[in-house]
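Raw input.cif, mmCIF, C-alpha atoms:
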data_data
loop_
_atom_site.label_atom_id
_atom_site.label_comp_id
_atom_site.auth_asym_id
_atom_site.auth_seq_id
_atom_site.Cartn_x
_atom_site.Cartn_y
_atom_site.Cartn_z
CA MET B 1 35.93 29.29 -29.28
CA ILE B 2 34.26 28.04 -26.15
CA GLU B 3 36.48 27.96 -23.08
CA ILE B 4 35.30 25.72 -20.30
CA LYS B 5 37.30 26.37 -17.15
CA ASN B 6 37.18 24.20 -14.05
CA ILE B 7 33.46 23.64 -14.16
CA THR B 8 32.12 21.92 -11.07
CA MET B 9 28.45 21.21 -10.63
CA ASN B 10 26.80 20.11 -7.42
CA PHE B 11 23.12 19.38 -7.40
CA SER B 12 22.17 19.21 -3.74
CA ASP B 13 19.47 16.66 -3.00
CA GLY B 14 17.05 18.94 -1.20
CA GLN B 15 18.14 17.90 2.25
CA ASN B 16 21.10 20.22 1.92
CA ARG B 17 23.41 17.27 1.74
CA ASN B 18 25.40 17.27 -1.43
CA GLN B 19 25.50 14.05 -3.37
CA ALA B 20 28.53 13.38 -5.54
CA PRO B 21 29.18 16.31 -7.90
CA SER B 22 27.76 15.90 -11.39
CA LEU B 23 30.82 17.60 -12.82
CA ARG B 24 34.21 17.85 -11.18
CA SER B 25 36.48 20.64 -12.32
CA VAL B 26 36.03 19.97 -16.02
CA SER B 27 38.15 22.05 -18.38
CA LEU B 28 38.33 21.93 -22.13
CA THR B 29 38.36 24.19 -25.15
CA ILE B 30 36.12 23.89 -28.16
CA PRO B 31 37.69 25.50 -31.22
CA GLU B 32 35.88 27.27 -34.04
CA GLY B 33 34.97 25.35 -37.15
CA CYS B 34 34.96 21.87 -35.67
CA ILE B 35 32.64 19.00 -34.92
CA TYR B 36 33.14 18.00 -31.31
CA GLY B 37 31.81 14.77 -29.81
CA PHE B 38 30.77 14.57 -26.17
CA LEU B 39 30.92 10.98 -25.00
CA GLY B 40 30.12 9.20 -21.79
CA SER B 41 27.58 6.89 -20.24
CA ASN B 42 24.17 8.02 -19.07
CA GLY B 43 24.50 10.26 -16.07
CA ALA B 44 28.16 10.94 -16.80
CA GLY B 45 27.58 14.67 -16.99
CA LYS B 46 27.45 15.43 -20.72
CA SER B 47 23.98 16.97 -20.71
CA THR B 48 24.72 18.93 -17.55
CA LEU B 49 27.79 20.40 -19.17
CA MET B 50 25.86 21.30 -22.32
CA ARG B 51 23.20 23.06 -20.30
CA ILE B 52 25.79 25.04 -18.41
CA MET B 53 27.47 25.91 -21.72
CA SER B 54 24.12 27.15 -23.03
CA GLY B 55 23.56 29.29 -19.99
CA ILE B 56 20.49 27.35 -18.91
CA TYR B 57 21.78 27.26 -15.35
CA PRO B 58 25.00 28.39 -13.72
CA ALA B 59 27.69 26.01 -12.58
CA THR B 60 28.52 25.72 -8.90
CA SER B 61 32.00 27.01 -9.75
CA GLY B 62 34.15 27.64 -12.77
CA GLU B 63 33.66 29.75 -15.88
CA ILE B 64 32.53 29.39 -19.44
CA TYR B 65 33.49 31.92 -22.10
CA ILE B 66 31.94 32.00 -25.53
CA ASP B 67 34.28 33.95 -27.78
CA GLY B 68 35.53 35.70 -24.69
CA GLU B 69 32.14 36.46 -23.15
CA PRO B 70 30.91 34.73 -19.99
CA VAL B 71 27.74 32.86 -20.85
CA PHE B 72 25.33 32.89 -17.94
CA ASP B 73 22.63 35.60 -18.17
CA ASN B 74 24.56 37.19 -21.03
CA PRO B 75 22.48 37.71 -24.17
CA ARG B 76 25.58 38.58 -26.21
CA ALA B 77 26.98 35.13 -25.53
CA LYS B 78 23.69 33.25 -25.63
CA GLU B 79 23.02 34.70 -29.08
CA LYS B 80 25.79 32.49 -30.34
CA ILE B 81 24.46 29.22 -29.03
CA PHE B 82 21.51 27.06 -29.97
CA PHE B 83 20.85 24.09 -27.75
CA VAL B 84 18.82 21.16 -29.10
CA ASN B 85 17.45 18.87 -26.47
CA ASP B 86 16.64 15.23 -27.01
CA GLU B 87 13.12 15.72 -25.73
CA THR B 88 10.38 16.70 -28.12
CA THR B 89 7.72 17.76 -25.67
CA GLN B 90 8.32 21.47 -25.76
CA PHE B 91 6.07 23.94 -27.51
CA THR B 92 3.66 21.36 -28.90
CA ASN B 93 0.80 23.81 -28.86
CA TYR B 94 2.47 25.86 -31.51
CA THR B 95 2.87 25.43 -35.23
CA ALA B 96 6.27 25.35 -36.83
CA ASP B 97 5.63 28.81 -38.28
CA GLU B 98 4.86 30.20 -34.83
CA LEU B 99 8.00 28.64 -33.39
CA SER B 100 9.95 30.09 -36.28
CA MET B 101 8.69 33.56 -35.38
CA PHE B 102 9.64 32.99 -31.76
CA TYR B 103 13.20 32.00 -32.57
CA LYS B 104 13.53 34.73 -35.14
CA GLY B 105 12.92 37.18 -32.35
CA ALA B 106 15.55 35.52 -30.20
CA TYR B 107 18.34 35.17 -32.74
CA SER B 108 19.50 38.08 -34.84
CA GLY B 109 21.01 35.80 -37.48
CA TYR B 110 17.84 33.78 -37.98
CA SER B 111 17.07 32.87 -41.59
CA ASP B 112 13.50 32.28 -42.76
CA GLU B 113 14.96 30.97 -46.00
CA VAL B 114 16.91 28.18 -44.33
CA PHE B 115 13.89 27.25 -42.24
CA LYS B 116 11.62 27.04 -45.30
CA LYS B 117 14.24 25.14 -47.27
CA VAL B 118 14.70 22.49 -44.60
CA MET B 119 11.00 22.09 -43.79
CA THR B 120 10.20 21.77 -47.51
CA ALA B 121 12.93 19.21 -48.03
CA LEU B 122 11.50 17.25 -45.13
CA LYS B 123 7.95 17.67 -46.43
CA LEU B 124 6.78 18.93 -43.05
CA PRO B 125 3.75 21.22 -42.81
CA THR B 126 4.58 24.48 -41.10
CA ASN B 127 1.02 25.47 -40.26
CA LYS B 128 -0.01 22.49 -38.15
CA LYS B 129 0.45 22.28 -34.39
CA LEU B 130 3.38 20.18 -33.33
CA SER B 131 1.06 18.07 -31.21
CA THR B 132 -0.13 16.48 -34.47
CA PHE B 133 3.42 15.45 -35.36
CA SER B 134 5.07 12.14 -34.61
CA LYS B 135 8.08 12.18 -32.31
CA GLY B 136 10.39 11.98 -35.30
CA MET B 137 8.69 14.87 -37.05
CA LYS B 138 8.89 17.01 -33.91
CA ARG B 139 12.57 16.26 -33.66
CA GLN B 140 13.13 17.21 -37.28
CA THR B 141 11.25 20.49 -36.81
CA ILE B 142 13.40 21.48 -33.87
CA VAL B 143 16.54 20.68 -35.82
CA ALA B 144 15.19 22.78 -38.70
CA LEU B 145 14.75 25.70 -36.30
CA ALA B 146 18.26 25.17 -34.97
CA LEU B 147 19.76 25.27 -38.45
CA ALA B 148 17.73 28.37 -39.31
CA ALA B 149 19.07 30.20 -36.25
CA GLN B 150 22.53 30.05 -37.88
CA THR B 151 24.34 30.39 -34.58
CA LYS B 152 28.07 29.98 -34.33
CA TYR B 153 27.74 27.12 -31.88
CA LEU B 154 25.19 24.37 -32.21
CA LEU B 155 24.71 21.88 -29.39
CA PHE B 156 22.89 18.62 -29.99
CA ASP B 157 22.19 16.71 -26.82
CA GLU B 158 21.77 13.24 -28.28
CA ALA B 159 19.46 14.84 -30.84
CA PHE B 160 21.56 13.50 -33.70
CA ASP B 161 20.93 9.87 -32.80
CA GLY B 162 17.21 10.18 -33.42
CA LEU B 163 17.51 11.49 -36.97
CA ASP B 164 17.00 9.32 -40.00
CA PRO B 165 19.83 8.94 -42.56
CA ALA B 166 18.36 11.46 -45.01
CA MET B 167 18.08 14.16 -42.37
CA ARG B 168 21.51 13.32 -41.00
CA ARG B 169 22.95 13.92 -44.43
CA MET B 170 21.15 17.24 -44.73
CA VAL B 171 22.35 18.40 -41.33
CA LYS B 172 25.91 17.35 -42.12
CA ASN B 173 25.91 19.25 -45.41
CA ILE B 174 24.52 22.40 -43.83
CA ILE B 175 27.04 22.16 -41.01
CA THR B 176 29.86 21.68 -43.52
CA ASP B 177 28.89 24.96 -45.16
CA GLU B 178 28.61 26.66 -41.78
CA ILE B 179 32.07 25.43 -40.80
CA PHE B 180 33.65 26.80 -43.97
CA ASP B 181 31.65 29.99 -44.19
CA ARG B 182 31.44 31.14 -40.58
CA GLY B 183 33.75 28.94 -38.52
CA ALA B 184 30.70 27.45 -36.80
CA SER B 185 31.10 24.46 -34.51
CA LEU B 186 28.76 21.56 -33.89
CA ILE B 187 28.90 19.87 -30.52
CA VAL B 188 27.15 16.51 -30.41
CA SER B 189 26.67 14.22 -27.49
CA SER B 190 26.08 10.60 -28.38
CA HIS B 191 26.39 7.00 -27.35
CA ASN B 192 27.04 5.91 -30.89
CA LEU B 193 30.82 5.68 -31.03
CA THR B 194 30.90 4.64 -34.67
CA GLU B 195 28.97 7.67 -35.72
CA ILE B 196 31.03 10.01 -33.57
CA SER B 197 34.12 8.45 -35.03
CA GLU B 198 33.00 9.29 -38.57
CA LEU B 199 31.40 12.62 -37.87
CA CYS B 200 33.73 14.35 -35.42
CA ASP B 201 37.24 15.71 -35.57
CA HIS B 202 37.49 16.21 -31.80
CA ALA B 203 36.05 14.25 -28.92
CA MET B 204 35.97 14.23 -25.15
CA LEU B 205 35.01 11.51 -22.72
CA ILE B 206 33.33 12.20 -19.42
CA HIS B 207 32.94 9.54 -16.79
CA GLU B 208 31.11 10.09 -13.51
CA GLY B 209 31.68 13.81 -13.67
CA ASP B 210 35.38 13.64 -14.51
CA LEU B 211 36.92 14.51 -17.82
CA VAL B 212 38.86 11.45 -18.94
CA PHE B 213 40.37 13.08 -22.02
CA SER B 214 39.73 15.61 -24.75
CA ASP B 215 41.67 15.66 -27.98
CA GLU B 216 41.62 15.66 -31.76
CA LEU B 217 40.43 12.25 -32.85
CA ASP B 218 43.39 11.68 -35.16
CA ASN B 219 45.78 12.31 -32.26
CA LEU B 220 43.88 9.93 -30.03
CA ARG B 221 43.93 7.17 -32.60
CA ALA B 222 47.60 7.70 -33.44
CA GLY B 223 48.59 7.06 -29.86
CA PHE B 224 47.54 3.40 -29.81
CA THR B 225 48.47 0.39 -31.92
CA LYS B 226 47.21 -3.16 -32.07
CA LEU B 227 49.46 -5.92 -33.38
CA GLN B 228 49.20 -9.65 -33.84
CA LEU B 229 52.37 -11.67 -33.88
CA VAL B 230 53.70 -15.14 -33.32
CA ILE B 231 56.31 -15.23 -30.59
CA ARG B 232 58.46 -18.37 -30.77
CA ASP B 233 60.43 -17.81 -27.57
CA PRO B 234 58.95 -20.25 -25.02
CA GLU B 235 60.07 -18.02 -22.17
CA LEU B 236 57.63 -15.36 -23.33
CA ALA B 237 54.65 -17.70 -23.34
CA ASP B 238 53.36 -16.24 -20.11
CA ASP B 239 51.48 -12.95 -20.63
CA GLU B 240 52.97 -11.26 -17.58
CA VAL B 241 56.50 -12.15 -18.65
CA LEU B 242 55.77 -10.84 -22.13
CA LYS B 243 54.36 -7.64 -20.70
CA LYS B 244 57.59 -7.02 -18.76
CA LYS B 245 59.66 -7.80 -21.82
CA ILE B 246 57.68 -5.27 -23.83
CA GLN B 247 58.19 -2.74 -21.09
CA SER B 248 61.94 -3.33 -21.26
CA LEU B 249 61.73 -2.45 -24.96
CA GLY B 250 60.31 0.93 -24.00
CA LEU B 251 56.64 0.31 -24.63
CA GLU B 252 53.56 0.09 -22.46
CA ALA B 253 51.48 -3.00 -23.22
CA LEU B 254 47.87 -2.31 -22.32
CA ASP B 255 46.54 -5.71 -23.22
CA ILE B 256 47.85 -9.10 -24.27
CA THR B 257 45.53 -11.79 -25.58
CA THR B 258 46.56 -15.21 -26.80
CA LEU B 259 44.67 -16.33 -29.89
CA GLY B 260 45.94 -19.75 -30.90
CA SER B 261 49.55 -19.26 -31.91
CA LEU B 262 49.07 -15.53 -32.19
CA ARG B 263 49.54 -12.99 -29.46
CA GLN B 264 47.48 -9.86 -29.86
CA ILE B 265 49.17 -6.92 -28.18
CA ILE B 266 47.84 -3.44 -27.66
CA VAL B 267 50.45 -0.81 -26.92
CA LYS B 268 50.21 2.84 -26.14
CA ALA B 269 52.44 4.06 -28.93
CA PRO B 270 52.19 5.17 -32.56
CA GLU B 271 52.39 2.40 -35.16
CA GLU B 272 55.89 3.13 -36.43
CA GLU B 273 57.39 3.09 -32.95
CA ALA B 274 55.45 -0.01 -31.93
CA VAL B 275 56.50 -1.98 -35.00
CA SER B 276 60.16 -0.98 -34.83
CA LYS B 277 60.47 -1.76 -31.12
CA LEU B 278 58.59 -5.04 -31.19
CA LYS B 279 60.40 -6.38 -34.24
CA VAL B 280 62.93 -8.13 -31.98
CA LEU B 281 60.14 -10.38 -30.76
CA SER B 282 59.02 -11.62 -34.14
CA THR B 283 60.34 -11.42 -37.66
CA ASP B 284 56.82 -11.64 -39.12
CA LEU B 285 55.82 -8.30 -37.70
CA ALA B 286 54.88 -6.10 -40.62
CA GLU B 287 52.24 -3.71 -39.46
CA GLY B 288 49.92 -2.71 -36.70
CA VAL B 289 46.40 -1.44 -36.94
CA PRO B 290 44.72 1.50 -35.22
CA LEU B 291 42.19 0.87 -32.50
CA THR B 292 38.52 1.68 -32.79
CA LEU B 293 37.28 4.57 -30.66
CA GLU B 294 35.49 2.09 -28.45
CA GLU B 295 38.68 0.20 -27.73
CA ILE B 296 40.58 3.39 -26.95
CA PHE B 297 37.93 4.40 -24.47
CA ILE B 298 38.02 1.05 -22.70
CA TYR B 299 41.78 1.30 -22.24
CA GLU B 300 41.82 4.95 -21.28
CA LEU B 301 39.20 4.33 -18.63
CA GLU B 302 40.97 1.26 -17.30
CA ALA B 303 44.25 3.13 -17.21
CA ARG B 304 42.64 5.73 -14.98
CA GLY B 305 41.28 3.12 -12.65
CA TYR B 306 37.72 3.13 -13.87
CA GLY B 307 38.08 -0.48 -15.04
CA ASN B 308 35.10 -2.31 -16.51
CA ALA B 309 33.45 0.98 -17.36
CA ASP B 310 30.03 0.25 -18.73
CA ILE B 311 29.88 2.90 -21.41
CA ILE B 312 30.37 0.14 -23.94
CA LYS B 313 27.23 -1.70 -22.88
CA GLU B 314 25.21 1.21 -24.21
CA ASN B 315 26.13 0.25 -27.75
CA ASN B 316 25.57 -3.48 -27.55
CA MET I 1 38.15 8.99 -58.53
CA ILE I 2 38.85 10.20 -55.04
CA THR I 3 37.44 7.52 -52.78
CA ILE I 4 37.48 6.43 -49.17
CA ASP I 5 37.14 2.93 -47.81
CA PRO I 6 35.46 3.25 -44.41
CA SER I 7 36.57 -0.24 -43.40
CA ASP I 8 40.21 0.59 -44.12
CA LYS I 9 41.85 1.42 -40.85
CA THR I 10 44.20 3.96 -42.38
CA PRO I 11 43.29 7.45 -41.19
CA ILE I 12 40.85 9.12 -43.57
CA PHE I 13 43.08 12.09 -44.34
CA GLU I 14 45.82 9.68 -45.41
CA GLN I 15 43.40 7.81 -47.64
CA ILE I 16 42.40 11.04 -49.35
CA CYS I 17 46.06 11.94 -49.97
CA LYS I 18 46.84 8.51 -51.38
CA SER I 19 43.73 8.60 -53.54
CA VAL I 20 44.70 11.93 -55.08
CA CYS I 21 48.29 10.72 -55.58
CA ARG I 22 47.01 7.60 -57.28
CA ASP I 23 44.89 9.64 -59.69
CA ILE I 24 47.88 11.80 -60.52
CA ALA I 25 50.22 8.82 -60.92
CA VAL I 26 47.90 7.05 -63.37
CA GLY I 27 47.29 10.24 -65.30
CA ALA I 28 43.62 10.65 -64.41
CA LEU I 29 44.54 14.04 -62.96
CA LEU I 30 47.01 16.16 -64.88
CA GLU I 31 49.05 19.21 -64.00
CA GLY I 32 46.73 22.20 -63.72
CA ASP I 33 43.57 20.15 -63.16
CA LYS I 34 41.32 21.53 -60.47
CA LEU I 35 40.54 19.37 -57.44
CA PRO I 36 37.08 19.46 -55.89
CA SER I 37 37.04 22.05 -53.13
CA ALA I 38 37.47 20.69 -49.61
CA ARG I 39 33.86 21.64 -49.01
CA GLU I 40 32.59 19.80 -52.08
CA LEU I 41 34.61 16.70 -51.27
CA ALA I 42 33.43 16.69 -47.64
CA LYS I 43 29.82 16.80 -48.79
CA LEU I 44 30.31 14.30 -51.59
CA LEU I 45 31.94 11.66 -49.42
CA GLN I 46 30.07 12.68 -46.24
CA LEU I 47 33.34 13.30 -44.41
CA ASN I 48 34.29 15.64 -41.64
CA PRO I 49 35.29 18.96 -43.28
CA ASN I 50 38.44 19.35 -41.17
CA THR I 51 39.63 15.91 -42.18
CA VAL I 52 39.39 16.88 -45.83
CA ALA I 53 41.03 20.25 -45.15
CA LYS I 54 43.84 18.41 -43.36
CA ALA I 55 44.39 16.13 -46.36
CA TYR I 56 44.50 19.08 -48.73
CA GLY I 57 46.90 20.85 -46.39
CA MET I 58 49.23 17.86 -46.48
CA LEU I 59 49.06 17.60 -50.26
CA GLU I 60 49.90 21.25 -50.53
CA ARG I 61 52.73 21.00 -48.03
CA ASP I 62 54.20 18.10 -49.98
CA GLY I 63 54.01 20.12 -53.17
CA ILE I 64 51.55 17.79 -54.85
CA VAL I 65 48.87 20.43 -55.18
CA TYR I 66 48.86 24.19 -54.85
CA SER I 67 46.02 26.53 -53.99
CA VAL I 68 45.05 29.83 -55.54
CA GLN I 69 43.23 32.22 -53.26
CA GLY I 70 39.60 32.40 -54.32
CA LYS I 71 40.01 29.89 -57.13
CA GLY I 72 40.72 26.50 -55.54
CA CYS I 73 43.25 23.69 -55.41
CA PHE I 74 45.17 22.58 -58.49
CA VAL I 75 47.48 19.72 -59.36
CA ALA I 76 51.10 20.84 -59.26
CA LYS I 77 53.80 19.92 -61.75
CA HIS I 78 54.18 16.19 -61.58
CA GLU I 79 57.81 15.77 -60.60
CA GLY I 80 57.35 12.27 -59.33
CA LYS I 81 56.25 13.48 -55.89
CA ALA I 82 52.86 11.79 -56.14
CA THR I 83 54.43 8.51 -57.15
CA GLU I 84 56.97 8.89 -54.36
CA LYS I 85 54.24 9.02 -51.78
CA LEU I 86 52.62 5.88 -53.09
CA THR I 87 55.85 3.93 -53.23
CA GLU I 88 56.89 4.90 -49.68
CA ASN I 89 55.32 1.77 -48.25
CA PHE I 90 56.66 -0.35 -51.06
CA ARG I 91 60.23 0.82 -50.45
CA ALA I 92 59.93 -0.07 -46.77
CA ALA I 93 58.53 -3.49 -47.61
CA VAL I 94 61.34 -4.18 -50.09
CA ARG I 95 63.98 -3.23 -47.53
CA GLU I 96 62.35 -5.48 -44.98
CA ALA I 97 62.08 -8.41 -47.36
CA LEU I 98 65.73 -8.05 -48.41
CA ASP I 99 66.75 -7.88 -44.72
CA ALA I 100 64.76 -11.00 -44.01
CA GLY I 101 66.73 -12.85 -46.66
CA ALA I 102 64.60 -12.61 -49.78
CA SER I 103 66.63 -12.20 -52.96
CA ALA I 104 66.21 -9.30 -55.32
CA GLU I 105 65.25 -11.77 -58.05
CA GLU I 106 62.40 -13.17 -55.95
CA LEU I 107 61.05 -9.67 -55.40
CA ILE I 108 61.36 -8.74 -59.06
CA ALA I 109 59.43 -11.89 -59.98
CA ILE I 110 56.66 -10.82 -57.63
CA ILE I 111 56.50 -7.41 -59.27
CA ARG I 112 56.30 -8.91 -62.74
CA GLU I 113 53.55 -11.25 -61.64
CA ALA I 114 51.55 -8.40 -60.17
CA ASP I 115 52.02 -6.40 -63.35
CA ARG I 116 50.61 -9.25 -65.44
CA GLY I 117 47.56 -9.81 -63.21
#

Encoding of this model in structure tokens:
Amino acid sequence: MIEIKNITMNFSDGQNRNQAPSLRSVSLTIPEGCIYGFLGSNGAGKSTLMRIMSGIYPATSGEIYIDGEPVFDNPRAKEKIFFVNDETTQFTNYTADELSMFYKGAYSGYSDEVFKKVMTALKLPTNKKLSTFSKGMKRQTIVALALAAQTKYLLFDEAFDGLDPAMRRMVKNIITDEIFDRGASLIVSSHNLTEISELCDHAMLIHEGDLVFSDELDNLRAGFTKLQLVIRDPELADDEVLKKKIQSLGLEALDITTLGSLRQIIVKAPEEEAVSKLKVLSTDLAEGVPLTLEEIFIYELEARGYGNADIIKENN
Amino acid sequence: MITIDPSDKTPIFEQICKSVCRDIAVGALLEGDKLPSARELAKLLQLNPNTVAKAYGMLERDGIVYSVQGKGCFVAKHEGKATEKLTENFRAAVREALDAGASAEELIAIIREADRG
């Protein structure tokens, strides 16, 4: 597993005056055999954290352990990580075969077979310089190299977003095997909440350098319920009054919207609890629905005082 | 057929469990039949592998399937457990309807109608 302990990162702005830290005491644990989503708006700190995890530069303070080994300047730890950037400008003077040789020298578990298999499936020539490739082809080649390295931890810094559906499928299938066979973990940063929602089993949200939460996705989802009900009591017509009433029933109402005769209520509670407690308000109440990941993020951020967080605008 | 409806808001691992239970209840899967491995199912339905593993874990815990080391997951003796899981929601709905004042006859009529259609 990867243990991230109290990572703080300050990039000073050259005049020896520190601007706001890029990461503020971030701690989380990434288990083996999982697909972990890193979420947050641009500049939130996701890429910085990934680079520190890969040992590209050291944090200002805090520690990172990869299977118990500190990562910075430690080949034993770095052997276990492959970091895929979103940029495609590196190494364009080389052919895929030459890059393959380079990475083979860097990673003891490198597999020529996997590399050939993926490049063949993608119909990419391995003897042409990458400068002749389109951006998409370059991206695919780098992902092919990453898969061939067969490291225990694979970090995709928004590199997943740029892949076409066929390649996504291939990567997912290879990762599935890696998870079952070697307890490998894929860590993906993305803006695409729908995709993260389908792909990942864990996720974390970073906002302006702070970790907002990190949890198994199923746990996150189970903690919120959305219900629509008709409330006949005229005294509860006012949203604020209704909110207090809900509180008196032992629930926290995060949002109340009036839609015609219906009131849509979002509570921070599992469905069973929400339905049983709110039954007194309306006899029609049969079930609640889970929230989408996007909705959960909005409420979690608001709850922590980040209100009107603009991570959602990225998707629209 | 073990299927998932992505637009269904029920958690995926629950959908997998219900899908397997349904297959067993209707006799599509019989005692001793081998389930696809968690790995195969994850790839087939393009699902997160841990989600599938979780579903299989639940099925095993509830005694609906059992696993044999190195061989796979198999359907356990059908002692009504699969059906029980599927009718959980129905039981709750019946109780609720009766509490709300519906008569048993009304509910039985609904069942018959559904059975015809």

For CA of Ile12 in chain I and CA of Glu178 in chain B, the interatomic separation in Å (one decimal):
21.5 Å

Which residues, written as a ChimeraX atom specification, have at least one atom at most 12 Å from Ile108 in chain I, with all atoms listed in the file counted and residues fewer than 6 positions away on the same chain left out?
/I:94,97-98,102,114-115

Just want the 7 Å neighbourhood of Pro49 in chain I, counted on all atoms listed in the file, with same-chain residues fewer than 3 positions away dropped. Output as a list in words.
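Contacts, with the query itself left out: Thr176 of chain B; Ala38, Arg39, Ala42, Val52 and Ala53 of chain I.
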
From the options I:Thr3, I:Ser19, I:Ser103, I:Ser37, which residue's atoms come nearest to chain B, counting only C-alpha atoms?
I:Ser37

Could I get the residues of chain I with an atom no further than 12 Å from an atom of chain B, each paired with its nearest atom pair and that distance in Å to one decimal, using all atoms listed in the file, sorted by chain and residue number, as CSV?
residue,atom,partner,partner_atom,distance
I:Ile4,CA,B:Glu198,CA,11.9
I:Asp5,CA,B:Glu198,CA,12.0
I:Pro6,CA,B:Glu198,CA,8.8
I:Ser7,CA,B:Thr292,CA,11.0
I:Asp8,CA,B:Val289,CA,9.7
I:Lys9,CA,B:Pro290,CA,6.3
I:Thr10,CA,B:Pro290,CA,7.6
I:Pro11,CA,B:Asp218,CA,7.4
I:Ile12,CA,B:Asp218,CA,9.2
I:Phe13,CA,B:Asp218,CA,9.2
I:Glu14,CA,B:Asp218,CA,10.7
I:Ser37,CA,B:Phe180,CA,10.9
I:Ala38,CA,B:Phe180,CA,9.2
I:Arg39,CA,B:Thr176,CA,6.8
I:Glu40,CA,B:Thr176,CA,9.2
I:Leu41,CA,B:Thr176,CA,10.4
I:Ala42,CA,B:Thr176,CA,7.4
I:Lys43,CA,B:Asn173,CA,5.7
I:Leu44,CA,B:Asn173,CA,9.1
I:Leu45,CA,B:Asn173,CA,10.5
I:Gln46,CA,B:Arg169,CA,7.5
I:Leu47,CA,B:Leu199,CA,6.9
I:Asn48,CA,B:Leu199,CA,5.6
I:Pro49,CA,B:Thr176,CA,6.1
I:Asn50,CA,B:Asp201,CA,6.8
I:Thr51,CA,B:Asp201,CA,7.0
I:Val52,CA,B:Asp201,CA,10.5
I:Ala53,CA,B:Phe180,CA,9.9
I:Lys54,CA,B:Asp201,CA,10.6
I:Asn89,CA,B:Glu287,CA,10.8
I:Ala92,CA,B:Ala286,CA,10.0
I:Ala93,CA,B:Ala286,CA,8.3
I:Val94,CA,B:Ala286,CA,11.6
I:Arg95,CA,B:Ala286,CA,11.8
I:Glu96,CA,B:Ala286,CA,8.7
I:Ala97,CA,B:Ala286,CA,10.1
I:Asp99,CA,B:Thr283,CA,10.2
I:Ala100,CA,B:Thr283,CA,7.7
I:Gly101,CA,B:Thr283,CA,11.1

Could you tell me, as number ranges by chain, exactly which residues end up selected when the PyMOL selection byres ((chain I and resi 74-77) around 12) is applied to this structure?
I: 20-21, 23-25, 27-38, 56, 59-69, 71-73, 78-82

Return the padded bounding box of range 63-82 of chain I as lines of an AutoDock Vina configuration file: axis-aligned, built from all atoms listed in the file, 4 Å added on each side, with centre and edge lengths in Å to one decimal.
center_x = 48.7
center_y = 22.1
center_z = -57.5
size_x = 26.2
size_y = 28.6
size_z = 16.6

Please enumerate the residues selected by the PyMOL selection byres ((chain B and resi 53-59) around 9) when evaluated against the supplied file, formatted as number ranges by chain.
B: 2, 4, 7-10, 23, 48-52, 60-66, 71-74, 77-78, 81-83, 155
